[in-house]
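*Asks:* Before I ask anything, here is the structure I am working with.
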Amino acid sequence: MEYRKVSGAVACTLIAAISISSAYSYIGDIWEKAISLSSSVFTFLVIAALLGVWKGYKLLKPLQVKVIVTGYLVSTLLTYLYPLFEYSEQVPPSNWFFLLGIDLTVAFVVSSLLWRNK
């Protein structure tokens, strides 16, 4: 039982440390850094949940899966939409819609996999 608590604490610490350092090094305003932080955290959680689905384990409760899926989709959208709003006087790059489409497609595929196996 003690190993489970320690391993959970170590996993949370690693996720927080990597996400915070990634967000801190991101170039942008405080909101872009916050979006980067949340995106990193949700990506780690999605990877853990996908590994559980792959191995056939129920790692998370259905409510936790719903929160992760929703947060992952929202952070994916905010990653693209906030800079579009913030820098609206600039023209978006020519590949912006293509990259948004790829990211949203991956996010929807991943979310549907997790949603069906909650």
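Every chain in the structure tokens has a letter given in the order shown (A, B, ...), and although residue numbers restart at 1 in each chain, ligands are simply numbered from 1 in the order shown.
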List the neighbours of stretch 98-100 of chain A out to 12 Å using only C-alpha atoms; skip same-chain residues closer than 6 positions along the sequence, and give me the result as a PyMOL selection string.
*Replies:* chain A and resi 73+76-81+84+92+106-108
*Asks:* Using only C-alpha atoms, determine which residues lie at most 10 Å from A:Leu60, disregarding the query and same-chain residues fewer than 5 positions distant; provide the list as a list of chain:residue names.
*Replies:*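 Result of the neighbour search: A:Ala48, A:Ala49, A:Gly52, A:Val65, A:Lys66, A:Ile68, A:Lys118.
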*Asks:* Between A:Val53, A:Leu37, A:Leu114, A:Ile27, which has the minimum distance to A:Val69 (counting only C-alpha atoms)?
*Replies:* A:Leu114
*Asks:* Grab the atom CA of A:Cys12 to atom CA of A:Phe42 distance for me, in Å with one decimal place.
*Replies:*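 That distance, rounded to one decimal, is 12.1 Å.
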*Asks:* Go through chain A and collect every residue that DSSP, computed from the backbone, puts in alpha helix (DSSP H); the answer should be as an mmCIF file with N, CA and C atoms, in the first residue's frame.
*Replies:*
```
data_model
loop_
_atom_site.group_PDB
_atom_site.id
_atom_site.type_symbol
_atom_site.label_atom_id
_atom_site.label_comp_id
_atom_site.auth_asym_id
_atom_site.auth_seq_id
_atom_site.Cartn_x
_atom_site.Cartn_y
_atom_site.Cartn_z
ATOM 1 N N GLU A 2 1.943 1.237 0.753
ATOM 2 C CA GLU A 2 2.828 2.396 0.825
ATOM 3 C C GLU A 2 3.480 2.681 -0.524
ATOM 4 N N TYR A 3 3.822 1.632 -1.267
ATOM 5 C CA TYR A 3 4.436 1.818 -2.578
ATOM 6 C C TYR A 3 3.485 2.518 -3.543
ATOM 7 N N ARG A 4 2.196 2.230 -3.439
ATOM 8 C CA ARG A 4 1.219 2.869 -4.312
ATOM 9 C C ARG A 4 1.144 4.355 -4.051
ATOM 10 N N LYS A 5 1.172 4.742 -2.775
ATOM 11 C CA LYS A 5 1.108 6.165 -2.438
ATOM 12 C C LYS A 5 2.370 6.885 -2.890
ATOM 13 N N VAL A 6 3.515 6.269 -2.657
ATOM 14 C CA VAL A 6 4.782 6.896 -3.042
ATOM 15 C C VAL A 6 4.883 7.006 -4.558
ATOM 16 N N SER A 7 4.510 5.955 -5.265
ATOM 17 C CA SER A 7 4.602 6.006 -6.726
ATOM 18 C C SER A 7 3.625 7.027 -7.303
ATOM 19 N N GLY A 8 2.458 7.171 -6.715
ATOM 20 C CA GLY A 8 1.511 8.195 -7.157
ATOM 21 C C GLY A 8 2.048 9.600 -6.920
ATOM 22 N N ALA A 9 2.671 9.797 -5.760
ATOM 23 C CA ALA A 9 3.253 11.109 -5.455
ATOM 24 C C ALA A 9 4.414 11.426 -6.387
ATOM 25 N N VAL A 10 5.239 10.427 -6.683
ATOM 26 C CA VAL A 10 6.366 10.645 -7.594
ATOM 27 C C VAL A 10 5.857 10.951 -9.001
ATOM 28 N N ALA A 11 4.829 10.233 -9.449
ATOM 29 C CA ALA A 11 4.265 10.488 -10.780
ATOM 30 C C ALA A 11 3.692 11.894 -10.867
ATOM 31 N N CYS A 12 2.950 12.322 -9.857
ATOM 32 C CA CYS A 12 2.386 13.678 -9.857
ATOM 33 C C CYS A 12 3.480 14.735 -9.827
ATOM 34 N N THR A 13 4.535 14.479 -9.057
ATOM 35 C CA THR A 13 5.652 15.425 -8.989
ATOM 36 C C THR A 13 6.356 15.541 -10.339
ATOM 37 N N LEU A 14 6.578 14.410 -10.991
ATOM 38 C CA LEU A 14 7.230 14.436 -12.303
ATOM 39 C C LEU A 14 6.370 15.152 -13.345
ATOM 40 N N ILE A 15 5.085 14.870 -13.352
ATOM 41 C CA ILE A 15 4.185 15.532 -14.292
ATOM 42 C C ILE A 15 4.191 17.033 -14.057
ATOM 43 N N ALA A 16 4.105 17.441 -12.790
ATOM 44 C CA ALA A 16 4.094 18.866 -12.465
ATOM 45 C C ALA A 16 5.425 19.524 -12.847
ATOM 46 N N ALA A 17 6.533 18.886 -12.521
ATOM 47 C CA ALA A 17 7.841 19.476 -12.798
ATOM 48 C C ALA A 17 8.081 19.639 -14.297
ATOM 49 N N ILE A 18 7.774 18.620 -15.054
ATOM 50 C CA ILE A 18 7.991 18.692 -16.503
ATOM 51 C C ILE A 18 7.043 19.711 -17.139
ATOM 52 N N SER A 19 5.794 19.725 -16.708
ATOM 53 C CA SER A 19 4.819 20.662 -17.278
ATOM 54 C C SER A 19 5.146 22.103 -16.922
ATOM 55 N N ILE A 20 5.560 22.333 -15.685
ATOM 56 C CA ILE A 20 5.895 23.696 -15.262
ATOM 57 C C ILE A 20 7.137 24.194 -15.990
ATOM 58 N N SER A 21 8.140 23.340 -16.111
ATOM 59 C CA SER A 21 9.349 23.787 -16.803
ATOM 60 C C SER A 21 9.081 24.041 -18.281
ATOM 61 N N SER A 22 8.227 23.238 -18.876
ATOM 62 C CA SER A 22 7.858 23.453 -20.270
ATOM 63 C C SER A 22 7.085 24.759 -20.441
ATOM 64 N N ALA A 23 6.149 25.015 -19.546
ATOM 65 C CA ALA A 23 5.358 26.241 -19.626
ATOM 66 C C ALA A 23 6.217 27.470 -19.344
ATOM 67 N N TYR A 24 7.140 27.346 -18.417
ATOM 68 C CA TYR A 24 7.995 28.477 -18.074
ATOM 69 C C TYR A 24 8.883 28.876 -19.247
ATOM 70 N N SER A 25 9.332 27.898 -20.011
ATOM 71 C CA SER A 25 10.211 28.207 -21.145
ATOM 72 C C SER A 25 9.441 28.609 -22.400
ATOM 73 N N ILE A 30 1.178 35.367 -20.063
ATOM 74 C CA ILE A 30 0.854 34.449 -18.961
ATOM 75 C C ILE A 30 -0.233 33.456 -19.361
ATOM 76 N N TRP A 31 -1.167 33.880 -20.220
ATOM 77 C CA TRP A 31 -2.238 32.979 -20.641
ATOM 78 C C TRP A 31 -1.711 31.883 -21.560
ATOM 79 N N GLU A 32 -0.790 32.230 -22.425
ATOM 80 C CA GLU A 32 -0.191 31.215 -23.295
ATOM 81 C C GLU A 32 0.625 30.218 -22.474
ATOM 82 N N LYS A 33 1.292 30.711 -21.442
ATOM 83 C CA LYS A 33 2.036 29.812 -20.554
ATOM 84 C C LYS A 33 1.084 28.894 -19.787
ATOM 85 N N ALA A 34 -0.045 29.437 -19.337
ATOM 86 C CA ALA A 34 -1.031 28.630 -18.627
ATOM 87 C C ALA A 34 -1.648 27.572 -19.544
ATOM 88 N N ILE A 35 -1.911 27.942 -20.778
ATOM 89 C CA ILE A 35 -2.440 26.974 -21.749
ATOM 90 C C ILE A 35 -1.403 25.890 -22.022
ATOM 91 N N SER A 36 -0.139 26.281 -22.122
ATOM 92 C CA SER A 36 0.935 25.306 -22.325
ATOM 93 C C SER A 36 1.038 24.355 -21.139
ATOM 94 N N LEU A 37 0.908 24.886 -19.929
ATOM 95 C CA LEU A 37 0.951 24.055 -18.724
ATOM 96 C C LEU A 37 -0.197 23.052 -18.710
ATOM 97 N N SER A 38 -1.415 23.529 -18.944
ATOM 98 C CA SER A 38 -2.570 22.626 -18.919
ATOM 99 C C SER A 38 -2.499 21.599 -20.042
ATOM 100 N N SER A 39 -2.007 22.012 -21.183
ATOM 101 C CA SER A 39 -1.867 21.083 -22.302
ATOM 102 C C SER A 39 -0.879 19.967 -21.974
ATOM 103 N N SER A 40 0.230 20.322 -21.335
ATOM 104 C CA SER A 40 1.216 19.307 -20.947
ATOM 105 C C SER A 40 0.650 18.342 -19.915
ATOM 106 N N VAL A 41 -0.041 18.879 -18.916
ATOM 107 C CA VAL A 41 -0.621 18.023 -17.874
ATOM 108 C C VAL A 41 -1.636 17.063 -18.481
ATOM 109 N N PHE A 42 -2.532 17.580 -19.319
ATOM 110 C CA PHE A 42 -3.543 16.717 -19.925
ATOM 111 C C PHE A 42 -2.916 15.697 -20.878
ATOM 112 N N THR A 43 -1.843 16.064 -21.546
ATOM 113 C CA THR A 43 -1.167 15.102 -22.421
ATOM 114 C C THR A 43 -0.596 13.942 -21.621
ATOM 115 N N PHE A 44 0.034 14.239 -20.494
ATOM 116 C CA PHE A 44 0.540 13.161 -19.634
ATOM 117 C C PHE A 44 -0.591 12.263 -19.147
ATOM 118 N N LEU A 45 -1.700 12.868 -18.726
ATOM 119 C CA LEU A 45 -2.829 12.076 -18.240
ATOM 120 C C LEU A 45 -3.440 11.228 -19.351
ATOM 121 N N VAL A 46 -3.513 11.789 -20.546
ATOM 122 C CA VAL A 46 -4.049 11.038 -21.688
ATOM 123 C C VAL A 46 -3.150 9.850 -22.011
ATOM 124 N N ILE A 47 -1.840 10.058 -21.977
ATOM 125 C CA ILE A 47 -0.909 8.960 -22.262
ATOM 126 C C ILE A 47 -1.067 7.845 -21.228
ATOM 127 N N ALA A 48 -1.177 8.216 -19.951
ATOM 128 C CA ALA A 48 -1.371 7.207 -18.906
ATOM 129 C C ALA A 48 -2.681 6.449 -19.115
ATOM 130 N N ALA A 49 -3.745 7.173 -19.445
ATOM 131 C CA ALA A 49 -5.035 6.525 -19.679
ATOM 132 C C ALA A 49 -4.990 5.614 -20.906
ATOM 133 N N LEU A 50 -4.310 6.056 -21.965
ATOM 134 C CA LEU A 50 -4.191 5.219 -23.160
ATOM 135 C C LEU A 50 -3.392 3.953 -22.877
ATOM 136 N N LEU A 51 -2.363 4.055 -22.058
ATOM 137 C CA LEU A 51 -1.613 2.853 -21.679
ATOM 138 C C LEU A 51 -2.492 1.896 -20.893
ATOM 139 N N GLY A 52 -3.360 2.433 -20.043
ATOM 140 C CA GLY A 52 -4.300 1.586 -19.319
ATOM 141 C C GLY A 52 -5.276 0.891 -20.246
ATOM 142 N N VAL A 53 -5.782 1.611 -21.239
ATOM 143 C CA VAL A 53 -6.688 1.004 -22.218
ATOM 144 C C VAL A 53 -5.957 -0.072 -23.004
ATOM 145 N N TRP A 54 -4.734 0.209 -23.391
ATOM 146 C CA TRP A 54 -3.939 -0.750 -24.159
ATOM 147 C C TRP A 54 -3.722 -2.043 -23.381
ATOM 148 N N LYS A 55 -3.430 -1.928 -22.096
ATOM 149 C CA LYS A 55 -3.176 -3.116 -21.274
ATOM 150 C C LYS A 55 -4.456 -3.731 -20.708
ATOM 151 N N PRO A 62 -14.915 6.697 -14.295
ATOM 152 C CA PRO A 62 -15.550 7.346 -15.458
ATOM 153 C C PRO A 62 -15.569 8.868 -15.390
ATOM 154 N N LEU A 63 -15.785 9.442 -14.208
ATOM 155 C CA LEU A 63 -15.780 10.894 -14.076
ATOM 156 C C LEU A 63 -14.392 11.464 -14.362
ATOM 157 N N GLN A 64 -13.354 10.787 -13.910
ATOM 158 C CA GLN A 64 -11.991 11.235 -14.172
ATOM 159 C C GLN A 64 -11.682 11.202 -15.670
ATOM 160 N N VAL A 65 -12.160 10.171 -16.349
ATOM 161 C CA VAL A 65 -11.955 10.076 -17.799
ATOM 162 C C VAL A 65 -12.678 11.223 -18.501
ATOM 163 N N LYS A 66 -13.885 11.535 -18.069
ATOM 164 C CA LYS A 66 -14.632 12.644 -18.672
ATOM 165 C C LYS A 66 -13.887 13.965 -18.498
ATOM 166 N N VAL A 67 -13.341 14.190 -17.312
ATOM 167 C CA VAL A 67 -12.607 15.431 -17.051
ATOM 168 C C VAL A 67 -11.352 15.498 -17.922
ATOM 169 N N ILE A 68 -10.636 14.385 -18.030
ATOM 170 C CA ILE A 68 -9.410 14.360 -18.836
ATOM 171 C C ILE A 68 -9.724 14.575 -20.310
ATOM 172 N N VAL A 69 -10.742 13.902 -20.805
ATOM 173 C CA VAL A 69 -11.111 14.038 -22.223
ATOM 174 C C VAL A 69 -11.551 15.468 -22.533
ATOM 175 N N THR A 70 -12.394 16.022 -21.686
ATOM 176 C CA THR A 70 -12.867 17.389 -21.896
ATOM 177 C C THR A 70 -11.711 18.386 -21.794
ATOM 178 N N GLY A 71 -10.884 18.234 -20.783
ATOM 179 C CA GLY A 71 -9.745 19.130 -20.622
ATOM 180 C C GLY A 71 -8.760 19.039 -21.768
ATOM 181 N N TYR A 72 -8.556 17.831 -22.268
ATOM 182 C CA TYR A 72 -7.638 17.638 -23.390
ATOM 183 C C TYR A 72 -8.155 18.325 -24.650
ATOM 184 N N LEU A 73 -9.442 18.177 -24.920
ATOM 185 C CA LEU A 73 -10.023 18.830 -26.097
ATOM 186 C C LEU A 73 -10.013 20.355 -25.954
ATOM 187 N N VAL A 74 -10.350 20.856 -24.778
ATOM 188 C CA VAL A 74 -10.370 22.300 -24.559
ATOM 189 C C VAL A 74 -8.959 22.869 -24.659
ATOM 190 N N SER A 75 -7.977 22.200 -24.066
ATOM 191 C CA SER A 75 -6.606 22.719 -24.134
ATOM 192 C C SER A 75 -6.074 22.666 -25.562
ATOM 193 N N THR A 76 -6.481 21.664 -26.333
ATOM 194 C CA THR A 76 -6.078 21.606 -27.734
ATOM 195 C C THR A 76 -6.664 22.776 -28.513
ATOM 196 N N LEU A 77 -7.937 23.063 -28.283
ATOM 197 C CA LEU A 77 -8.563 24.197 -28.961
ATOM 198 C C LEU A 77 -7.940 25.528 -28.534
ATOM 199 N N LEU A 78 -7.724 25.694 -27.236
ATOM 200 C CA LEU A 78 -7.158 26.952 -26.745
ATOM 201 C C LEU A 78 -5.737 27.184 -27.247
ATOM 202 N N THR A 79 -4.998 26.106 -27.444
ATOM 203 C CA THR A 79 -3.637 26.232 -27.954
ATOM 204 C C THR A 79 -3.624 26.952 -29.296
ATOM 205 N N TYR A 80 -4.662 26.749 -30.090
ATOM 206 C CA TYR A 80 -4.726 27.378 -31.411
ATOM 207 C C TYR A 80 -5.568 28.649 -31.430
ATOM 208 N N LEU A 81 -6.642 28.680 -30.654
ATOM 209 C CA LEU A 81 -7.564 29.807 -30.756
ATOM 210 C C LEU A 81 -7.100 31.033 -29.985
ATOM 211 N N TYR A 82 -6.464 30.859 -28.832
ATOM 212 C CA TYR A 82 -6.020 32.032 -28.079
ATOM 213 C C TYR A 82 -4.991 32.862 -28.849
ATOM 214 N N PRO A 83 -3.941 32.258 -29.426
ATOM 215 C CA PRO A 83 -3.012 33.096 -30.205
ATOM 216 C C PRO A 83 -3.692 33.774 -31.406
ATOM 217 N N LEU A 84 -4.683 33.114 -31.970
ATOM 218 C CA LEU A 84 -5.410 33.724 -33.081
ATOM 219 C C LEU A 84 -6.142 34.974 -32.611
ATOM 220 N N PHE A 85 -6.707 34.916 -31.414
ATOM 221 C CA PHE A 85 -7.388 36.069 -30.827
ATOM 222 C C PHE A 85 -6.386 37.132 -30.374
ATOM 223 N N GLU A 86 -5.344 36.703 -29.670
ATOM 224 C CA GLU A 86 -4.363 37.635 -29.101
ATOM 225 C C GLU A 86 -3.619 38.416 -30.181
ATOM 226 N N TRP A 96 -1.637 27.085 -40.632
ATOM 227 C CA TRP A 96 -2.342 27.121 -39.354
ATOM 228 C C TRP A 96 -3.553 26.196 -39.352
ATOM 229 N N PHE A 97 -4.385 26.267 -40.390
ATOM 230 C CA PHE A 97 -5.586 25.433 -40.445
ATOM 231 C C PHE A 97 -5.227 23.960 -40.601
ATOM 232 N N PHE A 98 -4.173 23.685 -41.326
ATOM 233 C CA PHE A 98 -3.726 22.306 -41.498
ATOM 234 C C PHE A 98 -3.285 21.713 -40.154
ATOM 235 N N LEU A 99 -2.487 22.468 -39.403
ATOM 236 C CA LEU A 99 -2.023 21.996 -38.103
ATOM 237 C C LEU A 99 -3.167 21.871 -37.104
ATOM 238 N N LEU A 100 -4.087 22.822 -37.142
ATOM 239 C CA LEU A 100 -5.266 22.735 -36.288
ATOM 240 C C LEU A 100 -6.073 21.484 -36.616
ATOM 241 N N GLY A 101 -6.244 21.214 -37.883
ATOM 242 C CA GLY A 101 -6.983 20.023 -38.303
ATOM 243 C C GLY A 101 -6.328 18.735 -37.847
ATOM 244 N N ILE A 102 -5.013 18.657 -37.963
ATOM 245 C CA ILE A 102 -4.299 17.461 -37.517
ATOM 246 C C ILE A 102 -4.436 17.290 -36.010
ATOM 247 N N ASP A 103 -4.201 18.372 -35.263
ATOM 248 C CA ASP A 103 -4.291 18.284 -33.805
ATOM 249 C C ASP A 103 -5.703 17.934 -33.339
ATOM 250 N N LEU A 104 -6.699 18.536 -33.944
ATOM 251 C CA LEU A 104 -8.076 18.222 -33.552
ATOM 252 C C LEU A 104 -8.452 16.784 -33.916
ATOM 253 N N THR A 105 -7.987 16.316 -35.051
ATOM 254 C CA THR A 105 -8.255 14.930 -35.441
ATOM 255 C C THR A 105 -7.646 13.963 -34.437
ATOM 256 N N VAL A 106 -6.395 14.192 -34.080
ATOM 257 C CA VAL A 106 -5.736 13.330 -33.092
ATOM 258 C C VAL A 106 -6.454 13.424 -31.745
ATOM 259 N N ALA A 107 -6.828 14.642 -31.338
ATOM 260 C CA ALA A 107 -7.516 14.818 -30.059
ATOM 261 C C ALA A 107 -8.864 14.101 -30.047
ATOM 262 N N PHE A 108 -9.601 14.173 -31.151
ATOM 263 C CA PHE A 108 -10.893 13.487 -31.206
ATOM 264 C C PHE A 108 -10.737 11.972 -31.234
ATOM 265 N N VAL A 109 -9.746 11.464 -31.936
ATOM 266 C CA VAL A 109 -9.505 10.014 -31.961
ATOM 267 C C VAL A 109 -9.131 9.517 -30.569
ATOM 268 N N VAL A 110 -8.201 10.214 -29.936
ATOM 269 C CA VAL A 110 -7.767 9.830 -28.590
ATOM 270 C C VAL A 110 -8.933 9.928 -27.613
ATOM 271 N N SER A 111 -9.689 11.014 -27.694
ATOM 272 C CA SER A 111 -10.824 11.205 -26.783
ATOM 273 C C SER A 111 -11.888 10.142 -26.987
ATOM 274 N N SER A 112 -12.142 9.765 -28.224
ATOM 275 C CA SER A 112 -13.159 8.725 -28.455
ATOM 276 C C SER A 112 -12.680 7.377 -27.948
ATOM 277 N N LEU A 113 -11.392 7.092 -28.079
ATOM 278 C CA LEU A 113 -10.853 5.839 -27.512
ATOM 279 C C LEU A 113 -11.029 5.794 -26.004
ATOM 280 N N LEU A 114 -10.706 6.887 -25.345
ATOM 281 C CA LEU A 114 -10.832 6.925 -23.891
ATOM 282 C C LEU A 114 -12.292 6.936 -23.452
ATOM 283 N N TRP A 115 -13.124 7.656 -24.188
ATOM 284 C CA TRP A 115 -14.553 7.775 -23.823
ATOM 285 C C TRP A 115 -15.244 6.421 -23.917
ATOM 286 N N ARG A 116 -14.916 5.644 -24.958
ATOM 287 C CA ARG A 116 -15.554 4.339 -25.131
ATOM 288 C C ARG A 116 -15.095 3.324 -24.100
#
```
